[in-house]
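Trainee: Here you go, this is input_23.pdb (PDB, C-alpha atoms and all ligand atoms).
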```pdb
ATOM      1  CA  MET K   1      79.192  98.092 107.842  1.00  0.00           C
ATOM      2  CA  SER K   2      79.685 100.083 104.634  1.00  0.00           C
ATOM      3  CA  THR K   3      82.959  99.769 102.759  1.00  0.00           C
ATOM      4  CA  ILE K   4      84.990 101.930 100.397  1.00  0.00           C
ATOM      5  CA  LYS K   5      87.438 100.185  98.104  1.00  0.00           C
ATOM      6  CA  ILE K   6      90.369 102.240  96.850  1.00  0.00           C
ATOM      7  CA  LEU K   7      93.017 101.357  94.282  1.00  0.00           C
ATOM      8  CA  HIS K   8      96.235 103.269  94.903  1.00  0.00           C
ATOM      9  CA  MET K   9      98.283 103.126  91.698  1.00  0.00           C
ATOM     10  CA  TYR K  10     102.092 103.370  91.545  1.00  0.00           C
ATOM     11  CA  ALA K  11     102.460 104.266  95.231  1.00  0.00           C
ATOM     12  CA  ASP K  12     106.119 103.176  95.006  1.00  0.00           C
ATOM     13  CA  MET K  13     106.881 105.508  92.060  1.00  0.00           C
ATOM     14  CA  LEU K  14     104.484 108.454  92.265  1.00  0.00           C
ATOM     15  CA  ASP K  15     104.560 109.820  95.791  1.00  0.00           C
ATOM     16  CA  LEU K  16     105.784 113.391  96.196  1.00  0.00           C
ATOM     17  CA  TYR K  17     105.478 115.703  99.210  1.00  0.00           C
ATOM     18  CA  GLY K  18     103.378 113.326 101.242  1.00  0.00           C
ATOM     19  CA  ASP K  19     100.923 112.276  98.514  1.00  0.00           C
ATOM     20  CA  SER K  20     100.489 108.847 100.144  1.00  0.00           C
ATOM     21  CA  GLY K  21      99.225 110.714 103.190  1.00  0.00           C
ATOM     22  CA  ASN K  22      96.003 111.290 101.258  1.00  0.00           C
ATOM     23  CA  MET K  23      95.285 107.579 101.667  1.00  0.00           C
ATOM     24  CA  GLU K  24      95.891 107.818 105.409  1.00  0.00           C
ATOM     25  CA  VAL K  25      93.507 110.769 105.685  1.00  0.00           C
ATOM     26  CA  LEU K  26      90.770 109.002 103.737  1.00  0.00           C
ATOM     27  CA  SER K  27      91.099 105.813 105.749  1.00  0.00           C
ATOM     28  CA  TYR K  28      91.183 107.758 109.059  1.00  0.00           C
ATOM     29  CA  ARG K  29      88.020 109.698 108.179  1.00  0.00           C
ATOM     30  CA  CYS K  30      86.298 106.443 107.235  1.00  0.00           C
ATOM     31  CA  ARG K  31      87.479 104.624 110.383  1.00  0.00           C
ATOM     32  CA  MET K  32      86.202 107.414 112.662  1.00  0.00           C
ATOM     33  CA  ARG K  33      82.740 106.821 111.207  1.00  0.00           C
ATOM     34  CA  GLY K  34      82.777 103.031 111.294  1.00  0.00           C
ATOM     35  CA  ILE K  35      83.221 102.798 107.527  1.00  0.00           C
ATOM     36  CA  GLU K  36      85.633 100.137 106.327  1.00  0.00           C
ATOM     37  CA  CYS K  37      88.292 101.464 103.938  1.00  0.00           C
ATOM     38  CA  VAL K  38      90.186  98.883 101.901  1.00  0.00           C
ATOM     39  CA  ILE K  39      93.231 100.168 100.013  1.00  0.00           C
ATOM     40  CA  ASP K  40      94.783  97.902  97.378  1.00  0.00           C
ATOM     41  CA  LYS K  41      98.003  98.791  95.620  1.00  0.00           C
ATOM     42  CA  TYR K  42      98.807  98.414  91.974  1.00  0.00           C
ATOM     43  CA  SER K  43     102.189  98.989  90.363  1.00  0.00           C
ATOM     44  CA  ILE K  44     104.215  97.958  87.330  1.00  0.00           C
ATOM     45  CA  ASP K  45     103.826  94.225  86.692  1.00  0.00           C
ATOM     46  CA  SER K  46     101.018  93.705  89.209  1.00  0.00           C
ATOM     47  CA  PRO K  47      98.262  91.524  87.761  1.00  0.00           C
ATOM     48  CA  MET K  48      95.712  93.615  85.847  1.00  0.00           C
ATOM     49  CA  PRO K  49      93.050  94.635  88.378  1.00  0.00           C
ATOM     50  CA  ASP K  50      89.313  94.943  87.810  1.00  0.00           C
ATOM     51  CA  PHE K  51      89.263  98.754  87.941  1.00  0.00           C
ATOM     52  CA  SER K  52      85.465  98.834  87.916  1.00  0.00           C
ATOM     53  CA  SER K  53      85.323  96.916  91.194  1.00  0.00           C
ATOM     54  CA  TYR K  54      86.767  99.933  93.051  1.00  0.00           C
ATOM     55  CA  ASP K  55      84.996 103.018  94.376  1.00  0.00           C
ATOM     56  CA  LEU K  56      87.997 105.276  93.920  1.00  0.00           C
ATOM     57  CA  ILE K  57      91.253 105.178  91.946  1.00  0.00           C
ATOM     58  CA  TYR K  58      94.124 107.284  93.249  1.00  0.00           C
ATOM     59  CA  ILE K  59      97.375 108.344  91.530  1.00  0.00           C
ATOM     60  CA  GLY K  60      99.947 110.674  93.115  1.00  0.00           C
ATOM     61  CA  GLY K  61     102.598 112.937  91.627  1.00  0.00           C
ATOM     62  CA  GLY K  62     106.109 112.220  90.424  1.00  0.00           C
ATOM     63  CA  ALA K  63     109.182 113.563  88.707  1.00  0.00           C
ATOM     64  CA  ASP K  64     109.478 113.402  84.901  1.00  0.00           C
ATOM     65  CA  LEU K  65     111.651 110.275  85.191  1.00  0.00           C
ATOM     66  CA  GLU K  66     109.095 108.336  87.222  1.00  0.00           C
ATOM     67  CA  GLN K  67     106.348 109.433  84.859  1.00  0.00           C
ATOM     68  CA  GLN K  68     108.382 107.962  81.991  1.00  0.00           C
ATOM     69  CA  HIS K  69     108.975 104.743  83.927  1.00  0.00           C
ATOM     70  CA  ILE K  70     105.304 104.060  84.536  1.00  0.00           C
ATOM     71  CA  SER K  71     104.039 105.340  81.190  1.00  0.00           C
ATOM     72  CA  ALA K  72     103.969 102.056  79.209  1.00  0.00           C
ATOM     73  CA  ASP K  73     102.333 100.219  82.081  1.00  0.00           C
ATOM     74  CA  LEU K  74      99.716 102.932  82.581  1.00  0.00           C
ATOM     75  CA  LEU K  75      98.795 102.732  78.901  1.00  0.00           C
ATOM     76  CA  LYS K  76      98.068  99.014  79.357  1.00  0.00           C
ATOM     77  CA  CYS K  77      95.484 100.016  81.973  1.00  0.00           C
ATOM     78  CA  ARG K  78      93.760 102.508  79.701  1.00  0.00           C
ATOM     79  CA  GLU K  79      90.712 100.465  78.797  1.00  0.00           C
ATOM     80  CA  GLY K  80      90.019  99.384  82.371  1.00  0.00           C
ATOM     81  CA  ILE K  81      90.429 102.866  83.832  1.00  0.00           C
ATOM     82  CA  ALA K  82      88.331 104.489  81.089  1.00  0.00           C
ATOM     83  CA  LYS K  83      85.530 101.959  81.664  1.00  0.00           C
ATOM     84  CA  ALA K  84      85.623 102.474  85.449  1.00  0.00           C
ATOM     85  CA  TYR K  85      85.552 106.268  85.047  1.00  0.00           C
ATOM     86  CA  LYS K  86      82.564 106.051  82.681  1.00  0.00           C
ATOM     87  CA  GLU K  87      80.762 103.851  85.183  1.00  0.00           C
ATOM     88  CA  GLY K  88      81.264 106.546  87.837  1.00  0.00           C
ATOM     89  CA  VAL K  89      84.288 105.287  89.768  1.00  0.00           C
ATOM     90  CA  PHE K  90      85.936 108.326  91.375  1.00  0.00           C
ATOM     91  CA  LEU K  91      89.341 109.411  90.018  1.00  0.00           C
ATOM     92  CA  PHE K  92      91.547 111.320  92.437  1.00  0.00           C
ATOM     93  CA  LEU K  93      94.728 112.501  90.707  1.00  0.00           C
ATOM     94  CA  ILE K  94      97.630 114.575  91.931  1.00  0.00           C
ATOM     95  CA  CYS K  95     100.097 116.482  89.740  1.00  0.00           C
ATOM     96  CA  GLY K  96     101.953 113.860  87.646  1.00  0.00           C
ATOM     97  CA  GLY K  97      98.863 111.619  87.864  1.00  0.00           C
ATOM     98  CA  TYR K  98      96.677 114.544  86.805  1.00  0.00           C
ATOM     99  CA  GLN K  99      98.900 115.247  83.796  1.00  0.00           C
ATOM    100  CA  LEU K 100      98.865 111.637  82.594  1.00  0.00           C
ATOM    101  CA  MET K 101      95.068 111.455  82.350  1.00  0.00           C
ATOM    102  CA  GLY K 102      95.156 114.198  79.725  1.00  0.00           C
ATOM    103  CA  ARG K 103      96.348 113.897  76.133  1.00  0.00           C
ATOM    104  CA  TYR K 104     100.090 114.064  76.820  1.00  0.00           C
ATOM    105  CA  TYR K 105     102.788 115.520  79.012  1.00  0.00           C
ATOM    106  CA  ARG K 106     105.786 117.051  77.190  1.00  0.00           C
ATOM    107  CA  ASP K 107     108.585 116.986  79.738  1.00  0.00           C
ATOM    108  CA  ALA K 108     111.441 119.444  80.227  1.00  0.00           C
ATOM    109  CA  ASP K 109     113.612 117.544  77.695  1.00  0.00           C
ATOM    110  CA  GLY K 110     110.897 117.749  75.048  1.00  0.00           C
ATOM    111  CA  ASN K 111     109.884 114.055  75.313  1.00  0.00           C
ATOM    112  CA  ASP K 112     106.187 113.400  74.907  1.00  0.00           C
ATOM    113  CA  ILE K 113     104.811 111.049  77.525  1.00  0.00           C
ATOM    114  CA  PRO K 114     101.430 109.921  76.220  1.00  0.00           C
ATOM    115  CA  GLY K 115      98.488 110.335  78.546  1.00  0.00           C
ATOM    116  CA  LEU K 116      95.388 108.161  78.668  1.00  0.00           C
ATOM    117  CA  GLY K 117      93.415 110.899  76.921  1.00  0.00           C
ATOM    118  CA  LEU K 118      90.427 110.566  79.237  1.00  0.00           C
ATOM    119  CA  PHE K 119      90.329 114.349  79.320  1.00  0.00           C
ATOM    120  CA  ASP K 120      91.048 116.951  76.702  1.00  0.00           C
ATOM    121  CA  TYR K 121      93.796 118.945  78.385  1.00  0.00           C
ATOM    122  CA  PHE K 122      97.522 118.596  77.713  1.00  0.00           C
ATOM    123  CA  THR K 123     100.636 119.666  79.568  1.00  0.00           C
ATOM    124  CA  VAL K 124     103.914 121.129  78.361  1.00  0.00           C
ATOM    125  CA  ALA K 125     106.944 121.844  80.557  1.00  0.00           C
ATOM    126  CA  PRO K 126     109.267 124.713  79.656  1.00  0.00           C
ATOM    127  CA  ASN K 127     112.648 123.533  78.431  1.00  0.00           C
ATOM    128  CA  SER K 128     114.418 125.196  81.320  1.00  0.00           C
ATOM    129  CA  ARG K 129     114.228 123.139  84.516  1.00  0.00           C
ATOM    130  CA  ARG K 130     114.512 126.354  86.484  1.00  0.00           C
ATOM    131  CA  LYS K 131     111.123 127.614  85.374  1.00  0.00           C
ATOM    132  CA  ARG K 132     108.860 125.800  87.788  1.00  0.00           C
ATOM    133  CA  CYS K 133     105.742 126.693  89.724  1.00  0.00           C
ATOM    134  CA  ILE K 134     106.849 126.112  93.298  1.00  0.00           C
ATOM    135  CA  GLY K 135     105.306 127.166  96.579  1.00  0.00           C
ATOM    136  CA  ASN K 136     102.190 127.312  98.689  1.00  0.00           C
ATOM    137  CA  ILE K 137      98.894 127.612  96.894  1.00  0.00           C
ATOM    138  CA  VAL K 138      95.311 128.457  97.829  1.00  0.00           C
ATOM    139  CA  ILE K 139      92.375 127.792  95.541  1.00  0.00           C
ATOM    140  CA  ARG K 140      88.636 128.287  95.961  1.00  0.00           C
ATOM    141  CA  THR K 141      86.508 125.388  94.775  1.00  0.00           C
ATOM    142  CA  GLN K 142      82.733 125.148  94.487  1.00  0.00           C
ATOM    143  CA  LEU K 143      82.775 121.386  94.037  1.00  0.00           C
ATOM    144  CA  THR K 144      81.075 120.558  97.317  1.00  0.00           C
ATOM    145  CA  GLY K 145      78.215 122.970  96.592  1.00  0.00           C
ATOM    146  CA  LYS K 146      79.646 125.821  98.625  1.00  0.00           C
ATOM    147  CA  ALA K 147      82.880 127.810  98.396  1.00  0.00           C
ATOM    148  CA  VAL K 148      85.783 126.000 100.065  1.00  0.00           C
ATOM    149  CA  ASP K 149      89.295 127.430 100.215  1.00  0.00           C
ATOM    150  CA  VAL K 150      91.758 124.594  99.707  1.00  0.00           C
ATOM    151  CA  VAL K 151      95.409 124.958 100.692  1.00  0.00           C
ATOM    152  CA  GLY K 152      98.364 122.933  99.452  1.00  0.00           C
ATOM    153  CA  PHE K 153     101.821 123.025  97.963  1.00  0.00           C
ATOM    154  CA  GLU K 154     102.658 122.967  94.251  1.00  0.00           C
ATOM    155  CA  ASN K 155     105.880 122.063  92.476  1.00  0.00           C
ATOM    156  CA  HIS K 156     105.547 121.457  88.765  1.00  0.00           C
ATOM    157  CA  GLY K 157     107.215 122.458  85.546  1.00  0.00           C
ATOM    158  CA  GLY K 158     104.234 121.339  83.452  1.00  0.00           C
ATOM    159  CA  GLN K 159     101.810 123.963  82.212  1.00  0.00           C
ATOM    160  CA  THR K 160      98.393 122.429  81.727  1.00  0.00           C
ATOM    161  CA  GLN K 161      96.225 123.884  78.996  1.00  0.00           C
ATOM    162  CA  GLY K 162      92.774 123.218  77.622  1.00  0.00           C
ATOM    163  CA  VAL K 163      90.986 122.712  80.955  1.00  0.00           C
ATOM    164  CA  LYS K 164      87.309 123.632  80.669  1.00  0.00           C
ATOM    165  CA  THR K 165      86.191 122.717  84.185  1.00  0.00           C
ATOM    166  CA  PRO K 166      88.927 123.601  86.681  1.00  0.00           C
ATOM    167  CA  PHE K 167      88.913 122.327  90.257  1.00  0.00           C
ATOM    168  CA  GLY K 168      89.244 125.836  91.636  1.00  0.00           C
ATOM    169  CA  LYS K 169      90.082 129.482  91.173  1.00  0.00           C
ATOM    170  CA  VAL K 170      93.587 130.445  92.261  1.00  0.00           C
ATOM    171  CA  LEU K 171      93.669 132.856  95.218  1.00  0.00           C
ATOM    172  CA  TYR K 172      97.407 132.494  95.827  1.00  0.00           C
ATOM    173  CA  GLY K 173     100.080 130.687  93.797  1.00  0.00           C
ATOM    174  CA  ASN K 174     100.161 129.544  90.180  1.00  0.00           C
ATOM    175  CA  GLY K 175      97.712 126.759  89.341  1.00  0.00           C
ATOM    176  CA  ASN K 176      97.506 125.060  85.942  1.00  0.00           C
ATOM    177  CA  CYS K 177     100.042 127.420  84.374  1.00  0.00           C
ATOM    178  CA  SER K 178     102.404 130.015  85.705  1.00  0.00           C
ATOM    179  CA  LYS K 179     100.277 132.765  87.348  1.00  0.00           C
ATOM    180  CA  SER K 180      97.042 131.322  86.019  1.00  0.00           C
ATOM    181  CA  GLU K 181      93.569 131.864  87.409  1.00  0.00           C
ATOM    182  CA  ALA K 182      92.473 128.260  87.269  1.00  0.00           C
ATOM    183  CA  GLU K 183      93.729 125.183  89.056  1.00  0.00           C
ATOM    184  CA  GLY K 184      93.165 121.499  88.369  1.00  0.00           C
ATOM    185  CA  TYR K 185      90.346 119.748  86.617  1.00  0.00           C
ATOM    186  CA  THR K 186      87.094 118.432  87.990  1.00  0.00           C
ATOM    187  CA  GLU K 187      83.925 116.562  87.218  1.00  0.00           C
ATOM    188  CA  LYS K 188      81.404 115.033  89.579  1.00  0.00           C
ATOM    189  CA  ASN K 189      83.630 111.947  89.909  1.00  0.00           C
ATOM    190  CA  VAL K 190      87.041 113.520  89.226  1.00  0.00           C
ATOM    191  CA  ILE K 191      89.389 115.678  91.249  1.00  0.00           C
ATOM    192  CA  ALA K 192      92.667 116.310  89.449  1.00  0.00           C
ATOM    193  CA  THR K 193      94.931 118.859  91.074  1.00  0.00           C
ATOM    194  CA  TYR K 194      98.489 120.098  91.434  1.00  0.00           C
ATOM    195  CA  LEU K 195      98.090 120.310  95.205  1.00  0.00           C
ATOM    196  CA  HIS K 196     100.464 118.202  97.292  1.00  0.00           C
ATOM    197  CA  GLY K 197     100.861 118.568 100.968  1.00  0.00           C
ATOM    198  CA  PRO K 198      99.264 116.005 101.249  1.00  0.00           C
ATOM    199  CA  CYS K 199      96.276 117.729  99.774  1.00  0.00           C
ATOM    200  CA  LEU K 200      93.671 116.211 102.089  1.00  0.00           C
ATOM    201  CA  SER K 201      95.299 116.821 105.467  1.00  0.00           C
ATOM    202  CA  LYS K 202      94.178 120.449 105.815  1.00  0.00           C
ATOM    203  CA  ASN K 203      91.116 120.165 103.603  1.00  0.00           C
ATOM    204  CA  PRO K 204      88.627 117.804 105.278  1.00  0.00           C
ATOM    205  CA  GLU K 205      85.689 118.882 103.094  1.00  0.00           C
ATOM    206  CA  ILE K 206      87.465 117.487 100.052  1.00  0.00           C
ATOM    207  CA  SER K 207      87.992 114.082 101.682  1.00  0.00           C
ATOM    208  CA  ASP K 208      84.385 114.002 102.774  1.00  0.00           C
ATOM    209  CA  TYR K 209      83.151 114.955  99.325  1.00  0.00           C
ATOM    210  CA  MET K 210      84.861 111.841  97.945  1.00  0.00           C
ATOM    211  CA  ILE K 211      83.751 109.539 100.770  1.00  0.00           C
ATOM    212  CA  GLU K 212      80.184 110.766 100.428  1.00  0.00           C
ATOM    213  CA  TYR K 213      80.276 110.364  96.652  1.00  0.00           C
ATOM    214  CA  CYS K 214      81.556 106.779  96.911  1.00  0.00           C
ATOM    215  CA  LEU K 215      79.018 105.716  99.538  1.00  0.00           C
ATOM    216  CA  SER K 216      76.110 107.406  97.757  1.00  0.00           C
ATOM    217  CA  ARG K 217      77.048 105.706  94.507  1.00  0.00           C
ATOM    218  CA  SER K 218      77.388 102.238  96.019  1.00  0.00           C
ATOM    219  CA  SER K 219      74.214 102.500  98.119  1.00  0.00           C
ATOM    220  CA  GLY K 220      72.190 104.127  95.346  1.00  0.00           C
ATOM    221  CA  GLY K 221      70.920 106.857  97.690  1.00  0.00           C
ATOM    222  CA  LYS K 222      72.149 110.115  99.171  1.00  0.00           C
ATOM    223  CA  VAL K 223      74.441 109.432 102.138  1.00  0.00           C
ATOM    224  CA  GLN K 224      74.862 112.002 104.904  1.00  0.00           C
ATOM    225  CA  LEU K 225      78.195 111.631 106.681  1.00  0.00           C
ATOM    226  CA  GLN K 226      78.508 111.885 110.436  1.00  0.00           C
ATOM    227  CA  LYS K 227      80.353 115.110 111.352  1.00  0.00           C
ATOM    228  CA  LEU K 228      83.893 114.798 112.727  1.00  0.00           C
ATOM    229  CA  ASP K 229      85.759 117.181 114.977  1.00  0.00           C
ATOM    230  CA  ASP K 230      87.946 119.078 112.488  1.00  0.00           C
ATOM    231  CA  THR K 231      89.190 121.734 114.902  1.00  0.00           C
ATOM    232  CA  LEU K 232      92.866 120.928 114.353  1.00  0.00           C
ATOM    233  CA  GLU K 233      92.569 120.613 110.580  1.00  0.00           C
ATOM    234  CA  ASN K 234      90.741 123.935 110.378  1.00  0.00           C
ATOM    235  CA  GLN K 235      93.266 125.654 112.644  1.00  0.00           C
ATOM    236  CA  CYS K 236      96.110 124.430 110.440  1.00  0.00           C
ATOM    237  CA  ARG K 237      94.361 125.695 107.353  1.00  0.00           C
ATOM    238  CA  LYS K 238      93.627 129.041 108.986  1.00  0.00           C
ATOM    239  CA  VAL K 239      97.318 129.556 109.740  1.00  0.00           C
ATOM    240  CA  MET K 240      98.073 129.137 106.044  1.00  0.00           C
ATOM    241  CA  LEU K 241      95.160 131.280 104.843  1.00  0.00           C
ATOM    242  CA  ASP K 242      96.108 134.086 107.228  1.00  0.00           C
ATOM    243  CA  ARG K 243      99.714 133.898 106.126  1.00  0.00           C
ATOM    244  CA  LEU K 244      99.039 133.810 102.398  1.00  0.00           C
ATOM    245  CA  LEU K 245      95.923 135.879 101.808  1.00  0.00           C
ATOM    246  CA  LYS K 246      96.312 138.781 104.210  1.00  0.00           C
TER     247      LYS K 246
HETATM  248  N1  LIG P   1     107.054 116.032  86.581  1.00  0.00           N
HETATM  249  C1  LIG P   1     105.884 116.839  86.481  1.00  0.00           C
HETATM  250  C2  LIG P   1     106.180 118.311  86.376  1.00  0.00           C
HETATM  251  O1  LIG P   1     107.233 118.756  86.741  1.00  0.00           O
HETATM  252  C3  LIG P   1     104.976 116.537  87.664  1.00  0.00           C
HETATM  253  C4  LIG P   1     105.533 117.007  88.970  1.00  0.00           C
HETATM  254  C5  LIG P   1     104.778 116.558  90.175  1.00  0.00           C
HETATM  255  O2  LIG P   1     104.067 115.552  90.171  1.00  0.00           O
HETATM  256  N2  LIG P   1     104.959 117.281  91.277  1.00  0.00           N
HETATM  257  O3  LIG P   1     105.339 119.051  85.930  1.00  0.00           O
END
```
Written as structure tokens, that's how I'd like the structure from this file.
Mentor:
Amino acid sequence: MSTIKILHMYADMLDLYGDSGNMEVLSYRCRMRGIECVIDKYSIDSPMPDFSSYDLIYIGGGADLEQQHISADLLKCREGIAKAYKEGVFLFLICGGYQLMGRYYRDADGNDIPGLGLFDYFTVAPNSRRKRCIGNIVIRTQLTGKAVDVVGFENHGGQTQGVKTPFGKVLYGNGNCSKSEAEGYTEKNVIATYLHGPCLSKNPEISDYMIEYCLSRSSGGKVQLQKLDDTLENQCRKVMLDRLLK
């Protein structure tokens, strides 16, 4: 039986708008195919894990305060996460987690929370807490090799700048900055996005992209996933697309 090993970081601190549900979706889609999905948790003061021993590292979103709380601990993990990423471990990052992999996040009070600097972008929140990007969002990504419209919910003050390879093009909503054209950041083994919801529940192609990536990497060959019945997921997404894009 093939196995995917996931490290879910700061699940107790960074978990907005159902972000932990992403782990349930990934493990469900593995289980339905007879793939074992092991999810370990890491949080402040856990023993330092071997990040490279995982297939995927996941960090959800959080309020400015939680981002400050985990910041010092996250910095201690920098070397291990950077090494794992360079070796090809998949990084899946939502909102606050996305911001903290960049150079820094300047919060609404003007405090700089240092990021791990794995990527070149940086994020600055306006000093008014009222100016936030809030609402449903639709983006079109080409990551899987064909155009996929991804739906989710965004709620962030942070304006992320300096992204060269966005996750998708905004069809509805804000994205990296207020009314911007681009959303998130991506590489072959990175999806960083502002989409909560949880992001994966209505977007099965994105889950499968990550599962396929992880299995192909660990087996050293191209893995073709068994198809699942996604009728309900697709119907849910269609309701949102019809509502937002028509
Ligand atoms: N606190 C950050 C911001 O407001 C991240 C928010 C989030 O993770 N939803 O930009």
Trainee: May I ask for the distance between CA of Gly96 in chain K and CA of Gln235 in chain K, given in Å to one decimal place?
Mentor: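 Separation of CA of Gly96 in chain K and CA of Gln235 in chain K: 29.0 Å.
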Trainee: Taking only C-alpha atoms and all ligand atoms into account, list the residues no farther than 10 Å from ligand LIG 1 (chain P), as a count of residues only.
Mentor: 49
Trainee: What do you get, as a list in words, if you spell out every residue that the PyMOL selection byres (((chain K and resi 44) around 7) and not hetatm) selects here?
Mentor: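 So the PyMOL selection byres (((chain K and resi 44) around 7) and not hetatm), applied here, picks out Ser43, Asp45, Ser46, Ile70 and Asp73 of chain K.
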Trainee: May I have the residues at most 9 Å from (84.7, 132.6, 92.3) in the file's coordinates, counting only C-alpha atoms, as a PyMOL selection string?
Mentor: chain K and resi 140-142+147+168-169
Trainee: Which one of K:Leu75, K:Ile137, K:Met13, K:Leu26 sits closest to Tyr209 in chain K if you count all atoms listed in the file?
Mentor: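 When distances to Tyr209 in chain K are compared using all atoms listed in the file, the smallest one comes from K:Leu26.
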Trainee: Quick check, in Å to one decimal: how far apart do CA of Leu56 in chain K and CA of Phe90 in chain K lie?
Mentor: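 Taking CA of Leu56 in chain K as the start and CA of Phe90 in chain K as the end point, the length is 4.5 Å.
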Trainee: Missing atoms in range 64-77 of chain K: can you complete it with N, CA, C and O atoms, as an mmCIF file, keeping the file's coordinate frame?
Mentor:
```cif
data_model
loop_
_atom_site.group_PDB
_atom_site.id
_atom_site.type_symbol
_atom_site.label_atom_id
_atom_site.label_comp_id
_atom_site.auth_asym_id
_atom_site.auth_seq_id
_atom_site.Cartn_x
_atom_site.Cartn_y
_atom_site.Cartn_z
ATOM 1 N N ASP K 64 109.567 113.797 86.312
ATOM 2 C CA ASP K 64 109.478 113.402 84.901
ATOM 3 C C ASP K 64 109.961 111.956 84.701
ATOM 4 O O ASP K 64 109.347 111.178 83.970
ATOM 5 N N LEU K 65 111.066 111.607 85.369
ATOM 6 C CA LEU K 65 111.651 110.275 85.191
ATOM 7 C C LEU K 65 110.680 109.169 85.618
ATOM 8 O O LEU K 65 110.491 108.179 84.906
ATOM 9 N N GLU K 66 110.058 109.350 86.759
ATOM 10 C CA GLU K 66 109.095 108.336 87.222
ATOM 11 C C GLU K 66 107.888 108.276 86.289
ATOM 12 O O GLU K 66 107.356 107.202 86.018
ATOM 13 N N GLN K 67 107.481 109.435 85.799
ATOM 14 C CA GLN K 67 106.348 109.433 84.859
ATOM 15 C C GLN K 67 106.700 108.618 83.611
ATOM 16 O O GLN K 67 105.877 107.863 83.104
ATOM 17 N N GLN K 68 107.950 108.775 83.149
ATOM 18 C CA GLN K 68 108.382 107.962 81.991
ATOM 19 C C GLN K 68 108.392 106.483 82.329
ATOM 20 O O GLN K 68 107.964 105.656 81.545
ATOM 21 N N HIS K 69 108.878 106.151 83.536
ATOM 22 C CA HIS K 69 108.975 104.743 83.927
ATOM 23 C C HIS K 69 107.619 104.040 83.952
ATOM 24 O O HIS K 69 107.517 102.873 83.616
ATOM 25 N N ILE K 70 106.593 104.753 84.400
ATOM 26 C CA ILE K 70 105.304 104.060 84.536
ATOM 27 C C ILE K 70 104.453 104.157 83.268
ATOM 28 O O ILE K 70 103.433 103.488 83.142
ATOM 29 N N SER K 71 104.890 105.005 82.326
ATOM 30 C CA SER K 71 104.039 105.340 81.190
ATOM 31 C C SER K 71 103.505 104.130 80.408
ATOM 32 O O SER K 71 102.297 103.999 80.171
ATOM 33 N N ALA K 72 104.409 103.199 80.031
ATOM 34 C CA ALA K 72 103.969 102.056 79.209
ATOM 35 C C ALA K 72 102.970 101.210 79.984
ATOM 36 O O ALA K 72 101.964 100.735 79.434
ATOM 37 N N ASP K 73 103.240 101.040 81.275
ATOM 38 C CA ASP K 73 102.333 100.219 82.081
ATOM 39 C C ASP K 73 100.962 100.888 82.222
ATOM 40 O O ASP K 73 99.921 100.237 82.118
ATOM 41 N N LEU K 74 100.988 102.203 82.432
ATOM 42 C CA LEU K 74 99.716 102.932 82.581
ATOM 43 C C LEU K 74 98.866 102.797 81.308
ATOM 44 O O LEU K 74 97.654 102.631 81.387
ATOM 45 N N LEU K 75 99.544 102.851 80.164
ATOM 46 C CA LEU K 75 98.795 102.732 78.901
ATOM 47 C C LEU K 75 98.075 101.384 78.795
ATOM 48 O O LEU K 75 96.988 101.290 78.244
ATOM 49 N N LYS K 76 98.711 100.338 79.377
ATOM 50 C CA LYS K 76 98.068 99.014 79.357
ATOM 51 C C LYS K 76 96.764 99.021 80.160
ATOM 52 O O LYS K 76 95.902 98.182 79.964
ATOM 53 N N CYS K 77 96.675 99.960 81.098
ATOM 54 C CA CYS K 77 95.484 100.016 81.973
ATOM 55 C C CYS K 77 94.389 100.901 81.392
ATOM 56 O O CYS K 77 93.336 101.089 82.007
#
```
